[in-house]
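Trainee: First, the structure itself, so that you have it in front of you.
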Amino acid sequence: MSTAMSYQSIYSFVSHQSSTSSQSSRQPLLLPTKCFKIDSSLCYYTSRRKRNLSKIEATASQTSVSYNTTLLSPSKNTIPDNSQKKSKKGVEEAIEAGKRISNIPIDVIFTSSLIRAQMTAMLAMIQHCRKKVPIILHNESDQAKSWSQVFSEETKDQSVPVIPAWQLNERMYGELQGLNKQETAERYGKQQVHEWRRSYDIPPPEGESLEMCAERAVAYFVENIEPKLAAGKNVMVAAHGNSLRSIIMYLDKLTCKEVISLELSTSIPLL
């Protein structure tokens with residue numbers, strides 16, 4: 001479904017760990033984006049206190065990172081002027097966000113399996129001061145894993161592994177996918193569409209509820225991303241509004257009602 005929500009976080013600026021915090025207490029940075037136009041967003045997220053972004057950049061070497069982001073490509077060959085403008089804006093936002101995190105060390109990147117999320121991560125990494133090259137690690141089969149391995153230590157030092165995971169994909173809207181807001185409202189009624197979009201446990205026809213999205217996203221986060229953070233790694237996550245809201249719900253122990261009202265901003269870094 002083309003649900004372009006303007007995600008705004010409940011925290012407007014980056015909060016930073018003190019210089020005395022241990023490596024094991026690292027927290028991830030999450031990067032949400034809109035679901036249907038090319039529109040990137042980089043959010044640094046933390047569940048504690050607010051702080052000025054300039055302070056974050058100054059102390060970046062002690063910060064752990066996770067980002068979530070998404071770029072959506074238009075579905076038609078002929079791109080309307082409005083879509084071109086939004087596409088350009090999304091690219092510009094991803095690059096600008098990359099500049100804001102350019103001094104924060106990044107050891108590994110997790111993205112959804114959607115190209116728009118991977119593009120956002122790549123655009124952001126172009127701006128990084130360490131100039132490391134993102135290399136996608138494929139895990140679809142044993143052969144794919146073998147062929148994407150890097151054996152040169154020098155090359156490993158000059159690159160950042162990128163791990164795609166479908167579990168971080170945006171919420172699946174079933175029969176609503178491909179429809180814009182107006183088309184969906186005309187077909188199902190505004191009230192029903194609002195219920196599907198803003199409820200926690202009511203899925204659209206053949207689609208996912210936020211609860212179902214959270215089950216897969218949080219399980220993946222716990223199994224694959226938390227161990228990296230516990231090992232002292234700086235993690236960047238390029239994903240989507242609903243998969244990131246789910247992870248934030250888990251990290252901050254939000255209730256079902258609280259996560260429904262959680263809005264994540266595009267382009268505004270939050271730690």
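Naming works like this for the structure tokens: A, B, ... for the chains as they're shown, residue 1 at the start of each chain, ligands 1 onward in shown order.
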For the contact check between range 158-197 of chain A and range 234-256 of chain A, emit one row per residue of range 158-197 of chain A within 12 Å, containing the shortest atom pair and the distance in Å rounded to one decimal, counting only C-alpha atoms, chain then rising number order, as a tab-separated table.
Mentor:
```
residue	atom	partner	partner_atom	distance
A:Val160	CA	A:Met236	CA	10.3
A:Pro161	CA	A:Val235	CA	10.4
A:Val162	CA	A:Met236	CA	9.2
A:Ile163	CA	A:Val237	CA	9.4
A:Pro164	CA	A:Ala238	CA	9.2
A:Ala165	CA	A:Ala239	CA	9.5
A:Trp166	CA	A:Ala239	CA	9.8
A:Gln167	CA	A:Ser243	CA	8.3
A:Leu168	CA	A:Ser243	CA	5.8
A:Asn169	CA	A:Ala239	CA	6.5
A:Glu170	CA	A:His240	CA	5.3
A:Arg171	CA	A:Asn242	CA	6.0
A:Met172	CA	A:Asn242	CA	9.8
A:Tyr173	CA	A:Asn242	CA	11.3
A:Arg197	CA	A:Asn242	CA	10.4
```
Trainee: Where in range 142-253 of chain A does DSSP assign alpha helix (DSSP H), given as a PyMOL selection string?
Mentor: chain A and resi 142-147+153-157+181-188+190-198+210-220+226-230+241-252
Trainee: Let me make sure I understand: among A:Ala185, A:Ile106, A:Val193, A:Leu264, which one has the smallest atom-to-atom distance to Gly232 in chain A if we use only C-alpha atoms?
Mentor: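 Counting only C-alpha atoms, the residue closest to Gly232 in chain A is A:Ile106.
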Trainee: Please measure the separation of CA of Leu176 in chain A and CA of Glu195 in chain A, giving the value in Å to one decimal.
Mentor: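 CA of Leu176 in chain A sits 13.1 Å away from CA of Glu195 in chain A.
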Trainee: Please list as number ranges by chain every residue within 8 Å of Ala121 in chain A, counting only C-alpha atoms and excluding residues in the same chain fewer than 6 positions away.
Mentor: A: 69, 94, 109, 111, 238
Trainee: Could you take the residues named above and write them with N, CA, C and O atoms, as an mmCIF file, in the first residue's frame?
Mentor:
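And here is the file that came out, result-v9.cif:
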```cif
data_model
loop_
_atom_site.group_PDB
_atom_site.id
_atom_site.type_symbol
_atom_site.label_atom_id
_atom_site.label_comp_id
_atom_site.auth_asym_id
_atom_site.auth_seq_id
_atom_site.Cartn_x
_atom_site.Cartn_y
_atom_site.Cartn_z
ATOM 1 N N THR A 69 16.487 3.130 6.881
ATOM 2 C CA THR A 69 16.181 4.005 5.799
ATOM 3 C C THR A 69 15.526 3.299 4.652
ATOM 4 O O THR A 69 15.629 2.117 4.546
ATOM 5 N N ALA A 94 19.091 11.660 1.712
ATOM 6 C CA ALA A 94 19.975 10.561 2.114
ATOM 7 C C ALA A 94 21.428 11.023 2.160
ATOM 8 O O ALA A 94 22.178 10.673 3.073
ATOM 9 N N ILE A 109 26.475 -2.990 8.365
ATOM 10 C CA ILE A 109 25.201 -2.393 7.960
ATOM 11 C C ILE A 109 24.178 -3.504 7.750
ATOM 12 O O ILE A 109 24.449 -4.480 7.054
ATOM 13 N N THR A 111 20.317 -4.034 6.232
ATOM 14 C CA THR A 111 19.267 -3.378 5.464
ATOM 15 C C THR A 111 18.121 -4.365 5.256
ATOM 16 O O THR A 111 18.272 -5.573 5.453
ATOM 17 N N ALA A 238 19.380 0.095 7.769
ATOM 18 C CA ALA A 238 18.605 0.814 6.753
ATOM 19 C C ALA A 238 17.318 0.037 6.522
ATOM 20 O O ALA A 238 17.343 -1.036 5.952
#
```
Trainee: Which residues come within 9 Å of Pro203 in chain A, counting only C-alpha atoms, excluding same-chain residues fewer than 6 positions away, as a compact mmCIF listing (two decimals) with N, CA and C atoms, in the first residue's frame?
Mentor:
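As written to disk, result_15.txt reads:
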```
# COMPACT_ATOMS: atom_id res chain seq x y z
N TYR A 173 1.17 -4.83 2.98
CA TYR A 173 -0.21 -4.34 3.02
C TYR A 173 -1.19 -5.17 2.20
N GLY A 174 -0.76 -6.30 1.70
CA GLY A 174 -1.69 -7.22 1.04
C GLY A 174 -2.41 -6.61 -0.15
N TRP A 196 -7.01 0.10 9.54
CA TRP A 196 -5.92 -0.78 9.12
C TRP A 196 -4.56 -0.13 9.35
N ARG A 197 -4.46 1.14 9.04
CA ARG A 197 -3.18 1.83 9.12
C ARG A 197 -2.75 2.12 10.55
N SER A 209 -0.52 -6.93 9.99
CA SER A 209 -0.75 -5.90 10.99
C SER A 209 0.62 -5.44 11.50
N LEU A 210 0.64 -4.35 12.26
CA LEU A 210 1.90 -3.91 12.85
C LEU A 210 2.43 -4.97 13.81
N GLU A 211 1.53 -5.66 14.48
CA GLU A 211 1.92 -6.74 15.39
C GLU A 211 2.68 -7.84 14.65
N MET A 212 2.18 -8.22 13.47
CA MET A 212 2.83 -9.27 12.68
C MET A 212 4.18 -8.80 12.17
```
Trainee: From a backbone DSSP assignment, name each residue in range 91-262 of chain A labelled strand (DSSP E), as number ranges by chain.
Mentor: A: 108-112, 133-136, 159-165, 235-238
Trainee: Save the residues we just selected, all heavy atoms, as a short mmCIF file (atom, residue, chain, number, x, y, z; two decimals), in the first residue's frame?
Mentor:
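Here's the written file again_21.cif:
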```cif
data_model
loop_
_atom_site.label_atom_id
_atom_site.label_comp_id
_atom_site.auth_asym_id
_atom_site.auth_seq_id
_atom_site.Cartn_x
_atom_site.Cartn_y
_atom_site.Cartn_z
N VAL A 108 29.24 -2.44 10.56
CA VAL A 108 28.39 -3.36 9.80
C VAL A 108 27.05 -2.67 9.51
O VAL A 108 26.58 -1.86 10.32
CB VAL A 108 28.18 -4.69 10.57
CG1 VAL A 108 27.52 -4.43 11.92
CG2 VAL A 108 27.36 -5.67 9.77
N ILE A 109 26.47 -2.99 8.37
CA ILE A 109 25.20 -2.39 7.96
C ILE A 109 24.18 -3.50 7.75
O ILE A 109 24.45 -4.48 7.05
CB ILE A 109 25.35 -1.59 6.65
CG1 ILE A 109 26.37 -0.46 6.83
CG2 ILE A 109 24.01 -1.02 6.21
CD1 ILE A 109 26.74 0.25 5.53
N PHE A 110 23.01 -3.34 8.34
CA PHE A 110 21.88 -4.23 8.08
C PHE A 110 20.85 -3.44 7.29
O PHE A 110 20.55 -2.28 7.62
CB PHE A 110 21.25 -4.73 9.38
CG PHE A 110 22.08 -5.74 10.12
CD1 PHE A 110 23.05 -5.33 11.02
CD2 PHE A 110 21.88 -7.10 9.91
CE1 PHE A 110 23.83 -6.26 11.70
CE2 PHE A 110 22.64 -8.04 10.59
CZ PHE A 110 23.61 -7.62 11.48
N THR A 111 20.32 -4.03 6.23
CA THR A 111 19.27 -3.38 5.46
C THR A 111 18.12 -4.36 5.26
O THR A 111 18.27 -5.57 5.45
CB THR A 111 19.75 -2.91 4.08
OG1 THR A 111 19.82 -4.04 3.19
CG2 THR A 111 21.11 -2.25 4.15
N SER A 112 17.00 -3.83 4.82
CA SER A 112 15.93 -4.72 4.37
C SER A 112 16.35 -5.28 3.02
O SER A 112 17.37 -4.89 2.44
CB SER A 112 14.61 -3.97 4.27
OG SER A 112 14.57 -3.18 3.10
N VAL A 133 34.13 0.92 1.54
CA VAL A 133 33.21 0.49 0.48
C VAL A 133 32.20 -0.52 1.03
O VAL A 133 32.60 -1.56 1.56
CB VAL A 133 34.00 -0.16 -0.68
CG1 VAL A 133 33.04 -0.63 -1.76
CG2 VAL A 133 35.02 0.83 -1.24
N PRO A 134 30.91 -0.25 0.91
CA PRO A 134 29.91 -1.23 1.36
C PRO A 134 29.88 -2.44 0.43
O PRO A 134 29.83 -2.29 -0.79
CB PRO A 134 28.58 -0.45 1.27
CG PRO A 134 28.97 0.99 1.18
CD PRO A 134 30.28 1.01 0.47
N ILE A 135 29.96 -3.64 0.99
CA ILE A 135 29.91 -4.87 0.19
C ILE A 135 28.75 -5.73 0.67
O ILE A 135 28.69 -6.11 1.84
CB ILE A 135 31.23 -5.67 0.33
CG1 ILE A 135 32.40 -4.86 -0.23
CG2 ILE A 135 31.12 -7.01 -0.39
CD1 ILE A 135 33.74 -5.56 -0.14
N ILE A 136 27.80 -6.00 -0.22
CA ILE A 136 26.63 -6.79 0.14
C ILE A 136 27.00 -8.26 0.27
O ILE A 136 27.59 -8.86 -0.63
CB ILE A 136 25.51 -6.61 -0.89
CG1 ILE A 136 25.01 -5.16 -0.87
CG2 ILE A 136 24.35 -7.57 -0.61
CD1 ILE A 136 23.92 -4.86 -1.87
N SER A 159 36.46 -2.06 3.73
CA SER A 159 35.06 -2.25 3.35
C SER A 159 34.16 -2.39 4.58
O SER A 159 34.64 -2.59 5.70
CB SER A 159 34.92 -3.48 2.46
OG SER A 159 35.31 -4.66 3.15
N VAL A 160 32.85 -2.28 4.34
CA VAL A 160 31.85 -2.46 5.39
C VAL A 160 30.86 -3.52 4.91
O VAL A 160 30.27 -3.37 3.82
CB VAL A 160 31.08 -1.16 5.68
CG1 VAL A 160 30.00 -1.39 6.74
CG2 VAL A 160 32.02 -0.07 6.14
N PRO A 161 30.66 -4.60 5.65
CA PRO A 161 29.71 -5.62 5.22
C PRO A 161 28.27 -5.12 5.31
O PRO A 161 27.90 -4.46 6.29
CB PRO A 161 29.96 -6.78 6.20
CG PRO A 161 30.57 -6.14 7.40
CD PRO A 161 31.35 -4.97 6.90
N VAL A 162 27.49 -5.44 4.29
CA VAL A 162 26.08 -5.06 4.24
C VAL A 162 25.25 -6.35 4.22
O VAL A 162 25.42 -7.18 3.33
CB VAL A 162 25.75 -4.22 3.00
CG1 VAL A 162 24.27 -3.84 2.97
CG2 VAL A 162 26.62 -2.96 2.95
N ILE A 163 24.40 -6.52 5.21
CA ILE A 163 23.62 -7.76 5.34
C ILE A 163 22.15 -7.48 5.09
O ILE A 163 21.48 -6.85 5.91
CB ILE A 163 23.81 -8.36 6.75
CG1 ILE A 163 25.30 -8.58 7.02
CG2 ILE A 163 23.01 -9.65 6.90
CD1 ILE A 163 25.61 -8.97 8.45
N PRO A 164 21.60 -7.92 3.93
CA PRO A 164 20.18 -7.71 3.66
C PRO A 164 19.33 -8.76 4.38
O PRO A 164 19.73 -9.92 4.50
CB PRO A 164 20.07 -7.90 2.14
CG PRO A 164 21.47 -8.14 1.63
CD PRO A 164 22.30 -8.55 2.80
N ALA A 165 18.15 -8.36 4.85
CA ALA A 165 17.27 -9.29 5.54
C ALA A 165 15.81 -8.91 5.24
O ALA A 165 15.40 -7.79 5.51
CB ALA A 165 17.53 -9.26 7.04
N VAL A 235 26.55 -0.38 14.52
CA VAL A 235 25.63 -0.98 13.56
C VAL A 235 24.75 0.07 12.90
O VAL A 235 24.15 0.90 13.58
CB VAL A 235 24.73 -2.03 14.23
CG1 VAL A 235 23.79 -2.67 13.21
CG2 VAL A 235 25.57 -3.09 14.92
N MET A 236 24.68 0.01 11.58
CA MET A 236 23.77 0.88 10.85
C MET A 236 22.66 0.01 10.27
O MET A 236 22.93 -1.03 9.67
CB MET A 236 24.52 1.58 9.72
CG MET A 236 23.64 2.37 8.78
SD MET A 236 24.66 3.41 7.70
CE MET A 236 23.65 3.46 6.23
N VAL A 237 21.41 0.42 10.47
CA VAL A 237 20.26 -0.33 9.97
C VAL A 237 19.48 0.54 8.99
O VAL A 237 18.99 1.60 9.35
CB VAL A 237 19.32 -0.77 11.11
CG1 VAL A 237 18.13 -1.53 10.55
CG2 VAL A 237 20.07 -1.61 12.12
N ALA A 238 19.38 0.10 7.77
CA ALA A 238 18.60 0.81 6.75
C ALA A 238 17.32 0.04 6.52
O ALA A 238 17.34 -1.04 5.95
CB ALA A 238 19.40 0.92 5.46
#
```
